[in-house]
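**Q** Here it is: the structure, laid out below.
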Amino acid sequence: MPSSMKLYSYWRSSAAYRVRIALGLKDLVYDYYPVHLAQGGGEQFGSEYSALEPQNQVPLLRDGERVIRQSMAIMEYLEESYELSGASLMPRQVRERARARGLAQLIASDVHPLGNLRVLKYLESELGLDQAARLRWIQHWLNRGLSAFEALIADHPSTGEYCEGDAPTIADCCLIPQLYNARRFKLDMSAYPTISRIEATCLQHPAFEAAHPSAQPDAPAA
């Protein structure tokens, strides 16, 4: 029987990746609806999907009659609506919750948008930047963001096995997909030992493993 929850996703979208992790941590069942962001000029621009998502982005979550857009809002929705399902995406204490949110927003608001597909396309088509220049652009902003992230978690008393404490939170949901992108763009990760340690821990967790781009039904065959 189909689930009442539907996730519109693209296998390599880091924003969709973070929502897939959250769904896994919450033990929530959902149907996967692929939206190919590059095929035929981008399926996200089709009339049917545009009616659902005027920004033409993924992810988008349909839960029954509810439609939730933007990955951070989706994760907060899952946490608040399914509080008793699976693991919590947020720490218990207010101060710890604020720290987890801040780390998540560092990635989602400050780092991810600068390397988004539509930004890279604009740099190419409108500003004429070649592939090498676009790579320098994205590596610059990845390094700036991850350097700040590393400084915030290295030797911090709240950092545990994960970004905040010893259980994965919304911060880890955002960090790991961004590291997948960093490796795609050949970023040297040697300057980020704490981040790399947390990444190794996360990638052993079943929810992170199941959410990995290579495990998605629309991922290209190896």
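The chains in the structure tokens are called A, B, ... from first to last as shown; in each chain the residues are counted from 1, and the ligands are counted from 1 in the order shown.
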Give me, as CSV, the closest atom pair and its distance (Å, one decimal) for every residue of region 14-124 of chain A within a cut-off of 8 Å of region 144-150 of chain A, counting only C-alpha atoms, rows sorted by chain and rising number.

**A**
```
residue,atom,partner,partner_atom,distance
A:Leu103,CA,A:Phe149,CA,7.1
A:Leu106,CA,A:Gly145,CA,7.3
A:Ile107,CA,A:Gly145,CA,7.2
A:Asp110,CA,A:Gly145,CA,7.2
A:Val111,CA,A:Gly145,CA,5.7
```

**Q** As a count of residues only, which residues of region 3-141 of chain A does DSSP assign to helix (DSSP H, G or I)?

**A** 77

**Q** Would you mind telling me which residue in A:Ser9, A:Glu126, A:Arg92, A:Gln57 lies nearest to Phe45 (chain A) when using only C-alpha atoms?

**A** A:Gln57

**Q** Would you list the contacts of Pro206 (chain A) as a PDB file with N, CA and C atoms, in the first residue's frame, taking every protein, DNA or RNA residue within 12 Å and counting only C-alpha atoms, but skipping same-chain residues closer than 6 positions in sequence?

**A**
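So out09.pdb came out as:
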```pdb
ATOM      1  N   ARG A  20      16.230  13.251   3.219  1.00  0.00           N
ATOM      2  CA  ARG A  20      16.219  11.781   3.234  1.00  0.00           C
ATOM      3  C   ARG A  20      16.853  11.250   4.511  1.00  0.00           C
ATOM      4  N   ILE A  21      17.927  11.887   4.960  1.00  0.00           N
ATOM      5  CA  ILE A  21      18.543  11.477   6.229  1.00  0.00           C
ATOM      6  C   ILE A  21      17.550  11.657   7.370  1.00  0.00           C
ATOM      7  N   ALA A  22      16.905  12.819   7.398  1.00  0.00           N
ATOM      8  CA  ALA A  22      15.951  13.106   8.468  1.00  0.00           C
ATOM      9  C   ALA A  22      14.804  12.099   8.478  1.00  0.00           C
ATOM     10  N   LEU A  23      14.279  11.764   7.315  1.00  0.00           N
ATOM     11  CA  LEU A  23      13.204  10.779   7.228  1.00  0.00           C
ATOM     12  C   LEU A  23      13.672   9.428   7.766  1.00  0.00           C
ATOM     13  N   GLY A  24      14.917   9.072   7.461  1.00  0.00           N
ATOM     14  CA  GLY A  24      15.462   7.820   7.967  1.00  0.00           C
ATOM     15  C   GLY A  24      15.632   7.828   9.470  1.00  0.00           C
ATOM     16  N   LEU A  25      16.129   8.932  10.008  1.00  0.00           N
ATOM     17  CA  LEU A  25      16.300   9.034  11.456  1.00  0.00           C
ATOM     18  C   LEU A  25      14.956   8.955  12.179  1.00  0.00           C
ATOM     19  N   LYS A  26      13.918   9.486  11.537  1.00  0.00           N
ATOM     20  CA  LYS A  26      12.576   9.468  12.130  1.00  0.00           C
ATOM     21  C   LYS A  26      11.820   8.162  11.852  1.00  0.00           C
ATOM     22  N   ASP A  27      12.462   7.231  11.136  1.00  0.00           N
ATOM     23  CA  ASP A  27      11.825   5.944  10.798  1.00  0.00           C
ATOM     24  C   ASP A  27      10.507   6.132  10.059  1.00  0.00           C
ATOM     25  N   PRO A 168      22.894  11.897  16.247  1.00  0.00           N
ATOM     26  CA  PRO A 168      22.794  12.793  15.088  1.00  0.00           C
ATOM     27  C   PRO A 168      21.640  13.773  15.230  1.00  0.00           C
ATOM     28  N   HIS A 212      22.131   7.994   1.100  1.00  0.00           N
ATOM     29  CA  HIS A 212      23.250   8.351   0.229  1.00  0.00           C
ATOM     30  C   HIS A 212      22.806   8.431  -1.233  1.00  0.00           C
ATOM     31  N   ALA A 215      22.425   5.314  -3.345  1.00  0.00           N
ATOM     32  CA  ALA A 215      21.401   4.351  -2.969  1.00  0.00           C
ATOM     33  C   ALA A 215      20.012   4.728  -3.459  1.00  0.00           C
TER      34      ALA A 215
END
```

**Q** Find the distance between CA of Trp141 (chain A) and CA of Phe208 (chain A) and write it in Å to one decimal.

**A** 24.5 Å
